[in-house]
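Engineer: Enclosed is the structure file input.pdb (PDB, C-alpha atoms, pLDDT in the B column).
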ATOM      1  CA  MET A 162      94.175  59.397 100.780  1.00 39.00           C
ATOM      2  CA  ALA A 163      97.539  57.633 101.114  1.00 46.00           C
ATOM      3  CA  ASP A 164      97.265  55.952  97.693  1.00 53.00           C
ATOM      4  CA  GLN A 165      97.520  59.393  96.057  1.00 80.00           C
ATOM      5  CA  TYR A 166     101.148  59.534  97.106  1.00 85.00           C
ATOM      6  CA  THR A 167     104.259  57.450  96.622  1.00 91.00           C
ATOM      7  CA  GLU A 168     105.901  55.953  99.692  1.00 91.00           C
ATOM      8  CA  LYS A 169     108.495  58.724  99.671  1.00 93.00           C
ATOM      9  CA  GLU A 170     105.754  61.356  99.505  1.00 94.00           C
ATOM     10  CA  ILE A 171     103.824  59.841 102.435  1.00 94.00           C
ATOM     11  CA  ILE A 172     106.595  60.738 104.890  1.00 95.00           C
ATOM     12  CA  ILE A 173     107.042  64.186 103.296  1.00 95.00           C
ATOM     13  CA  LYS A 174     103.319  64.955 103.551  1.00 94.00           C
ATOM     14  CA  ASP A 175     103.022  63.740 107.137  1.00 95.00           C
ATOM     15  CA  ILE A 176     105.999  65.782 108.395  1.00 95.00           C
ATOM     16  CA  ILE A 177     104.764  68.930 106.611  1.00 92.00           C
ATOM     17  CA  CYS A 178     101.230  68.492 107.979  1.00 92.00           C
ATOM     18  CA  LYS A 179     102.534  67.970 111.517  1.00 92.00           C
ATOM     19  CA  LEU A 180     104.661  71.103 111.194  1.00 89.00           C
ATOM     20  CA  ASP A 181     101.670  73.106 110.007  1.00 85.00           C
ATOM     21  CA  ALA A 182      99.505  71.785 112.852  1.00 85.00           C
ATOM     22  CA  GLY A 183     102.160  72.613 115.447  1.00 86.00           C
ATOM     23  CA  LYS A 184     102.668  68.946 116.353  1.00 92.00           C
ATOM     24  CA  LEU A 185     106.330  69.373 115.410  1.00 92.00           C
ATOM     25  CA  GLN A 186     108.336  72.416 116.428  1.00 91.00           C
ATOM     26  CA  ALA A 187     111.713  73.853 115.428  1.00 91.00           C
ATOM     27  CA  GLY A 188     114.446  71.874 117.177  1.00 93.00           C
ATOM     28  CA  ASP A 189     112.347  68.734 117.669  1.00 95.00           C
ATOM     29  CA  ARG A 190     114.232  65.530 117.056  1.00 96.00           C
ATOM     30  CA  LEU A 191     112.673  62.966 114.718  1.00 96.00           C
ATOM     31  CA  PRO A 192     113.024  59.194 115.168  1.00 94.00           C
ATOM     32  CA  THR A 193     115.806  57.445 113.250  1.00 93.00           C
ATOM     33  CA  GLU A 194     115.166  56.380 109.660  1.00 94.00           C
ATOM     34  CA  SER A 195     114.813  52.757 110.832  1.00 94.00           C
ATOM     35  CA  GLU A 196     112.260  53.802 113.447  1.00 95.00           C
ATOM     36  CA  LEU A 197     110.383  55.913 110.889  1.00 95.00           C
ATOM     37  CA  ALA A 198     110.313  52.957 108.476  1.00 95.00           C
ATOM     38  CA  ALA A 199     108.709  50.782 111.151  1.00 96.00           C
ATOM     39  CA  GLN A 200     106.328  53.577 112.218  1.00 95.00           C
ATOM     40  CA  TYR A 201     105.025  54.270 108.696  1.00 95.00           C
ATOM     41  CA  GLY A 202     105.303  50.752 107.301  1.00 95.00           C
ATOM     42  CA  ILE A 203     107.482  52.097 104.495  1.00 94.00           C
ATOM     43  CA  SER A 204     110.806  50.791 103.204  1.00 95.00           C
ATOM     44  CA  LYS A 205     113.888  52.349 104.750  1.00 95.00           C
ATOM     45  CA  THR A 206     115.032  53.359 101.250  1.00 95.00           C
ATOM     46  CA  ASN A 207     111.907  55.464 100.666  1.00 95.00           C
ATOM     47  CA  ILE A 208     112.119  56.934 104.168  1.00 96.00           C
ATOM     48  CA  HIS A 209     115.690  57.975 103.365  1.00 95.00           C
ATOM     49  CA  LEU A 210     114.606  59.539 100.054  1.00 95.00           C
ATOM     50  CA  GLY A 211     111.770  61.384 101.778  1.00 95.00           C
ATOM     51  CA  ILE A 212     114.085  62.756 104.465  1.00 96.00           C
ATOM     52  CA  GLN A 213     116.565  63.809 101.783  1.00 94.00           C
ATOM     53  CA  GLN A 214     113.804  65.786 100.043  1.00 93.00           C
ATOM     54  CA  LEU A 215     112.660  67.359 103.298  1.00 94.00           C
ATOM     55  CA  GLU A 216     116.241  68.390 104.014  1.00 93.00           C
ATOM     56  CA  ARG A 217     116.692  69.877 100.528  1.00 88.00           C
ATOM     57  CA  LEU A 218     113.521  71.943 100.994  1.00 88.00           C
ATOM     58  CA  GLY A 219     114.702  73.107 104.409  1.00 88.00           C
ATOM     59  CA  PHE A 220     112.102  71.397 106.589  1.00 93.00           C
ATOM     60  CA  VAL A 221     114.662  69.281 108.457  1.00 95.00           C
ATOM     61  CA  ARG A 222     118.373  69.250 109.260  1.00 93.00           C
ATOM     62  CA  VAL A 223     120.180  65.926 109.182  1.00 94.00           C
ATOM     63  CA  VAL A 224     123.227  65.400 111.369  1.00 91.00           C
ATOM     64  CA  PRO A 225     124.920  62.309 109.858  1.00 85.00           C
ATOM     65  CA  ARG A 226     125.007  59.287 112.167  1.00 79.00           C
ATOM     66  CA  HIS A 227     123.369  61.346 114.890  1.00 82.00           C
ATOM     67  CA  ALA A 228     119.833  62.718 114.397  1.00 92.00           C
ATOM     68  CA  ILE A 229     117.228  64.464 112.247  1.00 95.00           C
ATOM     69  CA  TYR A 230     116.006  67.829 113.547  1.00 96.00           C
ATOM     70  CA  ILE A 231     113.076  70.055 112.554  1.00 95.00           C
ATOM     71  CA  ASN A 232     114.117  73.427 111.139  1.00 91.00           C
ATOM     72  CA  ALA A 233     112.548  76.825 111.846  1.00 85.00           C
ATOM     73  CA  PRO A 234     110.352  78.317 109.067  1.00 79.00           C
ATOM     74  CA  GLU A 235     113.143  80.783 108.257  1.00 74.00           C
ATOM     75  CA  GLU A 236     115.267  77.858 107.065  1.00 80.00           C
ATOM     76  CA  LEU A 237     112.833  76.849 104.308  1.00 79.00           C
ATOM     77  CA  SER A 238     113.979  77.128 100.712  1.00 74.00           C
ATOM     78  CA  LEU A 239     111.809  78.943  98.181  1.00 65.00           C
ATOM     79  CA  GLU A 240     111.015  75.598  96.576  1.00 71.00           C
ATOM     80  CA  ALA A 241     109.236  74.673  99.806  1.00 79.00           C
ATOM     81  CA  VAL A 242     106.308  76.844  98.661  1.00 73.00           C
ATOM     82  CA  ASP A 243     105.272  74.267  96.071  1.00 72.00           C
ATOM     83  CA  ALA A 244     105.494  71.477  98.632  1.00 82.00           C
ATOM     84  CA  LEU A 245     103.359  73.370 101.157  1.00 82.00           C
ATOM     85  CA  PHE A 246     100.499  73.890  98.736  1.00 77.00           C
ATOM     86  CA  LYS A 247     100.826  70.383  97.281  1.00 80.00           C
ATOM     87  CA  TYR A 248     100.745  68.474 100.550  1.00 87.00           C
ATOM     88  CA  LEU A 249      98.646  70.696 102.783  1.00 84.00           C
ATOM     89  CA  GLY A 250      95.864  71.400 100.305  1.00 77.00           C
ATOM     90  CA  LYS A 251      95.161  74.619 102.229  1.00 75.00           C
ATOM     91  CA  ILE A 252      96.772  77.875 103.270  1.00 73.00           C
ATOM     92  CA  PRO A 253      99.871  77.099 105.397  1.00 76.00           C
ATOM     93  CA  ALA A 254     100.243  78.298 108.985  1.00 74.00           C
ATOM     94  CA  ARG A 255     100.888  82.036 109.372  1.00 80.00           C
ATOM     95  CA  PRO A 256     104.540  81.831 110.632  1.00 78.00           C
ATOM     96  CA  VAL A 257     105.491  79.822 107.546  1.00 74.00           C
ATOM     97  CA  ILE A 258     103.872  82.314 105.168  1.00 77.00           C
ATOM     98  CA  GLU A 259     105.458  85.244 107.013  1.00 81.00           C
ATOM     99  CA  ALA A 260     108.905  83.658 106.689  1.00 76.00           C
ATOM    100  CA  LEU A 261     108.368  83.096 102.968  1.00 72.00           C
ATOM    101  CA  LEU A 262     107.099  86.661 102.502  1.00 78.00           C
ATOM    102  CA  GLU A 263     110.294  87.903 104.115  1.00 79.00           C
ATOM    103  CA  MET A 264     112.309  85.865 101.607  1.00 72.00           C
ATOM    104  CA  ARG A 265     110.196  87.392  98.830  1.00 73.00           C
ATOM    105  CA  ARG A 266     110.984  90.861 100.170  1.00 80.00           C
ATOM    106  CA  MET A 267     114.724  90.158 100.219  1.00 79.00           C
ATOM    107  CA  MET A 268     114.642  88.658  96.727  1.00 74.00           C
ATOM    108  CA  GLY A 269     112.620  91.574  95.396  1.00 79.00           C
ATOM    109  CA  MET A 270     115.164  94.091  96.627  1.00 82.00           C
ATOM    110  CA  SER A 271     118.019  92.012  95.215  1.00 79.00           C
ATOM    111  CA  LEU A 272     116.203  91.766  91.880  1.00 76.00           C
ATOM    112  CA  ILE A 273     115.703  95.538  91.607  1.00 81.00           C
ATOM    113  CA  LYS A 274     119.317  96.315  92.502  1.00 78.00           C
ATOM    114  CA  SER A 275     120.514  93.768  89.963  1.00 76.00           C
ATOM    115  CA  LEU A 276     118.331  95.262  87.232  1.00 74.00           C
ATOM    116  CA  ALA A 277     119.494  98.794  87.972  1.00 75.00           C
ATOM    117  CA  SER A 278     123.156  97.780  87.773  1.00 74.00           C
ATOM    118  CA  ASN A 279     122.867  95.658  84.614  1.00 69.00           C
ATOM    119  CA  GLN A 280     121.036  97.947  82.217  1.00 69.00           C
ATOM    120  CA  LYS A 281     121.011  96.957  78.532  1.00 75.00           C
ATOM    121  CA  PRO A 282     119.017  98.852  75.868  1.00 79.00           C
ATOM    122  CA  ASP A 283     117.146  95.770  74.650  1.00 83.00           C
ATOM    123  CA  ILE A 284     116.161  94.764  78.200  1.00 81.00           C
ATOM    124  CA  VAL A 285     114.988  98.293  79.011  1.00 81.00           C
ATOM    125  CA  ALA A 286     112.925  98.385  75.793  1.00 86.00           C
ATOM    126  CA  GLN A 287     111.315  95.004  76.461  1.00 88.00           C
ATOM    127  CA  PHE A 288     110.617  95.951  80.082  1.00 87.00           C
ATOM    128  CA  HIS A 289     108.757  99.017  78.850  1.00 89.00           C
ATOM    129  CA  ILE A 290     106.758  96.951  76.326  1.00 93.00           C
ATOM    130  CA  LEU A 291     105.731  94.485  79.034  1.00 93.00           C
ATOM    131  CA  LEU A 292     104.659  97.350  81.295  1.00 93.00           C
ATOM    132  CA  ASP A 293     102.492  98.700  78.468  1.00 95.00           C
ATOM    133  CA  GLN A 294     100.995  95.225  78.044  1.00 95.00           C
ATOM    134  CA  LEU A 295     100.270  95.031  81.776  1.00 93.00           C
ATOM    135  CA  ASP A 296      98.682  98.473  81.639  1.00 93.00           C
ATOM    136  CA  ALA A 297      96.481  97.368  78.729  1.00 95.00           C
ATOM    137  CA  ALA A 298      95.567  94.138  80.529  1.00 94.00           C
ATOM    138  CA  ILE A 299      94.541  96.100  83.628  1.00 91.00           C
ATOM    139  CA  ALA A 300      92.349  98.333  81.449  1.00 92.00           C
ATOM    140  CA  THR A 301      90.398  95.291  80.202  1.00 92.00           C
ATOM    141  CA  GLY A 302      89.245  94.523  83.736  1.00 88.00           C
ATOM    142  CA  ASP A 303      89.777  90.796  83.097  1.00 90.00           C
ATOM    143  CA  GLN A 304      91.606  89.142  85.982  1.00 87.00           C
ATOM    144  CA  ASN A 305      93.023  86.248  83.925  1.00 88.00           C
ATOM    145  CA  THR A 306      94.441  88.640  81.323  1.00 93.00           C
ATOM    146  CA  ARG A 307      95.940  90.790  84.077  1.00 90.00           C
ATOM    147  CA  GLU A 308      97.498  87.789  85.823  1.00 88.00           C
ATOM    148  CA  GLN A 309      99.079  86.523  82.612  1.00 91.00           C
ATOM    149  CA  ALA A 310     100.536  89.942  81.803  1.00 92.00           C
ATOM    150  CA  LEU A 311     101.930  90.238  85.338  1.00 89.00           C
ATOM    151  CA  LEU A 312     103.386  86.730  85.157  1.00 86.00           C
ATOM    152  CA  ASP A 313     105.040  87.571  81.822  1.00 89.00           C
ATOM    153  CA  LEU A 314     106.548  90.723  83.330  1.00 87.00           C
ATOM    154  CA  LEU A 315     107.861  89.051  86.479  1.00 83.00           C
ATOM    155  CA  SER A 316     109.272  86.094  84.530  1.00 83.00           C
ATOM    156  CA  PHE A 317     111.079  88.513  82.213  1.00 85.00           C
ATOM    157  CA  LEU A 318     112.543  90.428  85.166  1.00 80.00           C
ATOM    158  CA  TYR A 319     113.791  87.272  86.833  1.00 78.00           C
ATOM    159  CA  ARG A 320     115.336  85.956  83.606  1.00 78.00           C
ATOM    160  CA  ASN A 321     117.185  89.199  82.863  1.00 77.00           C
ATOM    161  CA  ALA A 322     118.287  90.412  86.275  1.00 71.00           C
ATOM    162  CA  GLY A 323     121.937  89.518  85.773  1.00 68.00           C
ATOM    163  CA  ASN A 324     121.807  86.975  88.615  1.00 66.00           C
ATOM    164  CA  ALA A 325     122.256  83.315  87.702  1.00 64.00           C
ATOM    165  CA  LEU A 326     119.907  82.225  90.503  1.00 65.00           C
ATOM    166  CA  PHE A 327     116.803  83.991  89.199  1.00 66.00           C
ATOM    167  CA  PRO A 328     116.368  82.097  85.880  1.00 68.00           C
ATOM    168  CA  VAL A 329     116.599  78.833  87.837  1.00 66.00           C
ATOM    169  CA  LEU A 330     113.859  80.029  90.181  1.00 64.00           C
ATOM    170  CA  VAL A 331     111.594  80.881  87.249  1.00 64.00           C
ATOM    171  CA  ARG A 332     111.888  77.304  85.989  1.00 65.00           C
ATOM    172  CA  SER A 333     111.667  75.514  89.338  1.00 62.00           C
ATOM    173  CA  LEU A 334     108.994  77.685  90.963  1.00 64.00           C
ATOM    174  CA  ARG A 335     106.586  78.216  88.079  1.00 65.00           C
ATOM    175  CA  ASN A 336     103.595  76.957  90.097  1.00 64.00           C
ATOM    176  CA  SER A 337     104.500  79.133  93.063  1.00 65.00           C
ATOM    177  CA  MET A 338     104.941  82.183  90.849  1.00 67.00           C
ATOM    178  CA  THR A 339     101.528  81.586  89.306  1.00 70.00           C
ATOM    179  CA  GLN A 340      99.958  81.356  92.779  1.00 67.00           C
ATOM    180  CA  ALA A 341     101.802  84.485  93.926  1.00 70.00           C
ATOM    181  CA  VAL A 342     100.587  86.415  90.878  1.00 74.00           C
ATOM    182  CA  HIS A 343      97.034  85.281  91.611  1.00 71.00           C
ATOM    183  CA  TYR A 344      97.236  86.562  95.192  1.00 69.00           C
ATOM    184  CA  ILE A 345      98.815  89.842  94.066  1.00 75.00           C
ATOM    185  CA  SER A 346      95.966  90.226  91.593  1.00 73.00           C
ATOM    186  CA  LEU A 347      93.407  89.628  94.328  1.00 74.00           C
ATOM    187  CA  TYR A 348      94.845  91.980  96.929  1.00 76.00           C
ATOM    188  CA  ALA A 349      96.658  94.723  94.976  1.00 83.00           C
ATOM    189  CA  ASP A 350      95.028  97.812  93.518  1.00 88.00           C
ATOM    190  CA  PRO A 351      95.770  97.404  89.768  1.00 88.00           C
ATOM    191  CA  GLN A 352      96.291 101.103  89.083  1.00 90.00           C
ATOM    192  CA  GLU A 353      98.620 101.481  92.050  1.00 92.00           C
ATOM    193  CA  MET A 354     100.529  98.396  90.932  1.00 89.00           C
ATOM    194  CA  ILE A 355     101.255  99.772  87.462  1.00 91.00           C
ATOM    195  CA  ARG A 356     102.277 103.130  88.942  1.00 93.00           C
ATOM    196  CA  VAL A 357     104.735 101.361  91.232  1.00 91.00           C
ATOM    197  CA  TYR A 358     106.263  99.334  88.396  1.00 88.00           C
ATOM    198  CA  ARG A 359     106.586 102.398  86.159  1.00 91.00           C
ATOM    199  CA  SER A 360     108.242 104.347  88.982  1.00 93.00           C
ATOM    200  CA  MET A 361     110.624 101.434  89.582  1.00 88.00           C
ATOM    201  CA  GLU A 362     111.426 101.355  85.873  1.00 85.00           C
ATOM    202  CA  GLN A 363     112.227 105.081  85.780  1.00 88.00           C
ATOM    203  CA  HIS A 364     114.551 104.899  88.778  1.00 88.00           C
ATOM    204  CA  ALA A 365     116.208 101.682  87.625  1.00 81.00           C
ATOM    205  CA  VAL A 366     116.888 103.098  84.149  1.00 80.00           C
ATOM    206  CA  LYS A 367     118.585 106.067  85.818  1.00 83.00           C
ATOM    207  CA  GLY A 368     120.696 103.625  87.834  1.00 80.00           C
ATOM    208  CA  ASP A 369     119.141 104.773  91.103  1.00 86.00           C
ATOM    209  CA  SER A 370     118.625 101.343  92.628  1.00 84.00           C
ATOM    210  CA  ASP A 371     118.113 102.716  96.151  1.00 88.00           C
ATOM    211  CA  LYS A 372     115.133 104.826  95.083  1.00 91.00           C
ATOM    212  CA  ALA A 373     113.695 101.950  93.035  1.00 88.00           C
ATOM    213  CA  VAL A 374     113.966  99.700  96.080  1.00 88.00           C
ATOM    214  CA  GLN A 375     112.288 102.324  98.298  1.00 92.00           C
ATOM    215  CA  VAL A 376     109.316 102.558  95.930  1.00 92.00           C
ATOM    216  CA  TRP A 377     108.927  98.790  95.727  1.00 88.00           C
ATOM    217  CA  TYR A 378     109.521  98.268  99.469  1.00 90.00           C
ATOM    218  CA  ALA A 379     106.782 100.703 100.521  1.00 92.00           C
ATOM    219  CA  TRP A 380     104.270  99.109  98.160  1.00 91.00           C
ATOM    220  CA  ASN A 381     105.300  95.581  99.121  1.00 87.00           C
ATOM    221  CA  GLU A 382     104.924  96.295 102.845  1.00 90.00           C
ATOM    222  CA  LYS A 383     101.430  97.662 102.289  1.00 89.00           C
ATOM    223  CA  LEU A 384     100.471  94.730 100.069  1.00 85.00           C
ATOM    224  CA  THR A 385     101.915  92.204 102.523  1.00 85.00           C
ATOM    225  CA  GLN A 386      99.737  93.496 105.361  1.00 86.00           C
ATOM    226  CA  VAL A 387      96.609  93.440 103.183  1.00 82.00           C
ATOM    227  CA  PHE A 388      97.555  89.947 101.996  1.00 79.00           C
ATOM    228  CA  LEU A 389      98.011  88.618 105.541  1.00 83.00           C
ATOM    229  CA  ARG A 390      94.719  90.144 106.691  1.00 82.00           C
ATOM    230  CA  GLY A 391      92.988  88.533 103.725  1.00 76.00           C
ATOM    231  CA  LEU A 392      94.431  85.117 104.560  1.00 75.00           C
ATOM    232  CA  TYR A 393      94.248  85.108 108.337  1.00 77.00           C
ATOM    233  CA  GLY A 394      91.940  87.912 109.380  1.00 77.00           C
ATOM    234  CA  ASP A 395      92.823  90.984 111.444  1.00 62.00           C
ATOM    235  CA  GLN A 396      95.622  89.476 113.531  1.00 52.00           C
TER     236      GLN A 396
END
Give the structure from the file, written as structure tokens.
Structural biologist:
Amino acid sequence: MADQYTEKEIIIKDIICKLDAGKLQAGDRLPTESELAAQYGISKTNIHLGIQQLERLGFVRVVPRHAIYINAPEELSLEAVDALFKYLGKIPARPVIEALLEMRRMMGMSLIKSLASNQKPDIVAQFHILLDQLDAAIATGDQNTREQALLDLLSFLYRNAGNALFPVLVRSLRNSMTQAVHYISLYADPQEMIRVYRSMEQHAVKGDSDKAVQVWYAWNEKLTQVFLRGLYGDQ
């Protein structure tokens, strides 16, 4: 219902839902802010704020004093994940998820390379402790315990990767990370997962970032295909 959202959020939700339904396509031109204000019965100020938010998330591109254009899924920021789940209330369209999974793949490889090149004894020791905790959580067979241990591990890796962007992502994308961990828990084989992380650890500690990336990449590709089949069927 509209009264669940602020005026600014009404325009954000409607644009995102139209994108998901295919009613808006990459390159489509939106009406002017004045026209949108009249169309939605919302103040021009709140239309402007909504468009600003959509632009920051990557859903639209604003050409000052000219037009507002719809972006391709590949242009979405990682923060767009939260918005998709918030406003759609369902699994987003497949092309959007595939674009976001590709960003996850690129970030994962960057994370591993950063860890391998910024080794510190205390970080290595804590990484090993968190892997042991994940191993113990997997042994309990309790999904919630496993998800929390995995979330703790991933948060630690992002905070200590030697890249200033990653700690910001941990703070701003906490909900998305929690959802991602839940899906990983549902679709990944727990024993295979811990083997992959331990292999990554061994290669990263040795400074062999390429091998660590290869191990993670192979597992991630397999998991991605299982994940997509689980969400959308055998397409």
Engineer: Excluding Leu215 (chain A) and any residue of its chain fewer than 3 positions from it, enumerate the residues within 9 Å of it, using all atoms listed in the file, and give them as a PyMOL selection string.
Structural biologist: chain A and resi 173+176-177+210-212+218-222+241
Engineer: Rounded to one decimal in Å, what is the spacing between CA of Ser360 (chain A) and CA of Val376 (chain A)?
Structural biologist: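 Rounded to one decimal, the two atoms are 7.3 Å apart.
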Engineer: I need the output of the PyMOL selection byres ((chain A and resi 262) around 12) for this file as a list in words; which residues are they?
Structural biologist: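 Expected selection for the PyMOL selection byres ((chain A and resi 262) around 12) here is Pro234, Glu235, Leu237, Ser238, Leu239, Val242, Arg255, Pro256, Val257, Ile258, Glu259, Ala260, Leu261, Glu263, Met264, Arg265, Arg266, Met267, Met268, Gly269, Ala341, Asn381, Glu382, Leu384, Thr385, Gln386, Phe388 and Leu389 of chain A.
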Engineer: So, counting only C-alpha atoms, which residue among A:Ser275, A:Gln294, A:Thr193, A:Gln352 is closest to Ile208 (chain A)?
Structural biologist: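 For Ile208 (chain A), the nearest of the candidates is A:Thr193.
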Engineer: Report the distance between CA of Glu308 (chain A) and CA of Gly368 (chain A) in Å, rounded to one decimal place.
Structural biologist: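 Going from CA of Glu308 (chain A) over to CA of Gly368 (chain A) covers 28.2 Å.
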Engineer: Calculate how many Å separate CA of Pro282 (chain A) from CA of Ala297 (chain A), rounding to one decimal.
Structural biologist: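 Computed distance, CA of Pro282 (chain A) to CA of Ala297 (chain A), equals 22.8 Å.
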Engineer: Which polymer residues have any atom within 10 Å of an atom of Leu272 (chain A), counting all atoms listed in the file, with same-chain residues fewer than 2 positions away left out, as a list in words?
Structural biologist: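 Here the answer would be Arg266, Met267, Met268, Gly269, Met270, Lys274, Ser275, Leu276, Ala277, Leu318, Tyr319, Asn321, Ala322, Gly323, Asn324, Phe327, Ser370 and Val374 of chain A.
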Engineer: Residues picked by the PyMOL selection byres ((chain A and resi 312) around 10) here, as a list of chain:residue names?
Structural biologist: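 Listing what the PyMOL selection byres ((chain A and resi 312) around 10) selects in the shown file: A:Leu295, A:Thr306, A:Arg307, A:Glu308, A:Gln309, A:Ala310, A:Leu311, A:Asp313, A:Leu314, A:Leu315, A:Ser316, A:Phe317, A:Leu318, A:Arg335, A:Met338, A:Thr339, A:Gln340, A:Ala341, A:Val342, A:His343.
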Engineer: Please determine, counting all atoms listed in the file, which residue among A:Tyr358, A:Tyr248, A:Ser278, A:Ser271 has the shortest atom-to-atom distance to Asp296 (chain A).
Structural biologist: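 Of A:Tyr358, A:Tyr248, A:Ser278, A:Ser271, the one nearest Asp296 (chain A) is A:Tyr358, counting all atoms listed in the file.
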Engineer: Write a file for region 377-391 of chain A of the given structure; include N, CA and C atoms and format it as a PDB file, in the first residue's frame.
Structural biologist:
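For reference, result29.pdb as written:
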ATOM      1  N   TRP A 377      38.527 -20.180  -5.386  1.00  0.00           N
ATOM      2  CA  TRP A 377      37.261 -19.512  -5.087  1.00  0.00           C
ATOM      3  C   TRP A 377      36.407 -19.382  -6.342  1.00  0.00           C
ATOM      4  N   TYR A 378      37.025 -19.060  -7.479  1.00  0.00           N
ATOM      5  CA  TYR A 378      36.292 -18.841  -8.726  1.00  0.00           C
ATOM      6  C   TYR A 378      35.546 -20.109  -9.151  1.00  0.00           C
ATOM      7  N   ALA A 379      36.240 -21.249  -9.101  1.00  0.00           N
ATOM      8  CA  ALA A 379      35.611 -22.509  -9.508  1.00  0.00           C
ATOM      9  C   ALA A 379      34.411 -22.828  -8.632  1.00  0.00           C
ATOM     10  N   TRP A 380      34.568 -22.643  -7.324  1.00  0.00           N
ATOM     11  CA  TRP A 380      33.464 -22.914  -6.400  1.00  0.00           C
ATOM     12  C   TRP A 380      32.328 -21.916  -6.611  1.00  0.00           C
ATOM     13  N   ASN A 381      32.670 -20.657  -6.801  1.00  0.00           N
ATOM     14  CA  ASN A 381      31.658 -19.621  -6.974  1.00  0.00           C
ATOM     15  C   ASN A 381      30.843 -19.840  -8.245  1.00  0.00           C
ATOM     16  N   GLU A 382      31.513 -20.255  -9.333  1.00  0.00           N
ATOM     17  CA  GLU A 382      30.797 -20.517 -10.576  1.00  0.00           C
ATOM     18  C   GLU A 382      29.797 -21.662 -10.402  1.00  0.00           C
ATOM     19  N   LYS A 383      30.229 -22.701  -9.724  1.00  0.00           N
ATOM     20  CA  LYS A 383      29.346 -23.841  -9.465  1.00  0.00           C
ATOM     21  C   LYS A 383      28.160 -23.414  -8.597  1.00  0.00           C
ATOM     22  N   LEU A 384      28.450 -22.671  -7.545  1.00  0.00           N
ATOM     23  CA  LEU A 384      27.405 -22.218  -6.629  1.00  0.00           C
ATOM     24  C   LEU A 384      26.433 -21.271  -7.325  1.00  0.00           C
ATOM     25  N   THR A 385      26.958 -20.398  -8.181  1.00  0.00           N
ATOM     26  CA  THR A 385      26.115 -19.445  -8.896  1.00  0.00           C
ATOM     27  C   THR A 385      25.084 -20.158  -9.767  1.00  0.00           C
ATOM     28  N   GLN A 386      25.519 -21.201 -10.471  1.00  0.00           N
ATOM     29  CA  GLN A 386      24.594 -21.942 -11.330  1.00  0.00           C
ATOM     30  C   GLN A 386      23.520 -22.657 -10.514  1.00  0.00           C
ATOM     31  N   VAL A 387      23.919 -23.250  -9.391  1.00  0.00           N
ATOM     32  CA  VAL A 387      22.947 -23.910  -8.512  1.00  0.00           C
ATOM     33  C   VAL A 387      21.969 -22.877  -7.946  1.00  0.00           C
ATOM     34  N   PHE A 388      22.499 -21.724  -7.571  1.00  0.00           N
ATOM     35  CA  PHE A 388      21.709 -20.634  -7.011  1.00  0.00           C
ATOM     36  C   PHE A 388      20.661 -20.157  -8.022  1.00  0.00           C
ATOM     37  N   LEU A 389      21.088 -19.922  -9.274  1.00  0.00           N
ATOM     38  CA  LEU A 389      20.178 -19.445 -10.295  1.00  0.00           C
ATOM     39  C   LEU A 389      19.089 -20.485 -10.615  1.00  0.00           C
ATOM     40  N   ARG A 390      19.490 -21.745 -10.656  1.00  0.00           N
ATOM     41  CA  ARG A 390      18.492 -22.805 -10.893  1.00  0.00           C
ATOM     42  C   ARG A 390      17.475 -22.849  -9.762  1.00  0.00           C
ATOM     43  N   GLY A 391      17.967 -22.652  -8.524  1.00  0.00           N
ATOM     44  CA  GLY A 391      17.061 -22.659  -7.382  1.00  0.00           C
ATOM     45  C   GLY A 391      16.074 -21.502  -7.419  1.00  0.00           C
TER      46      GLY A 391
END
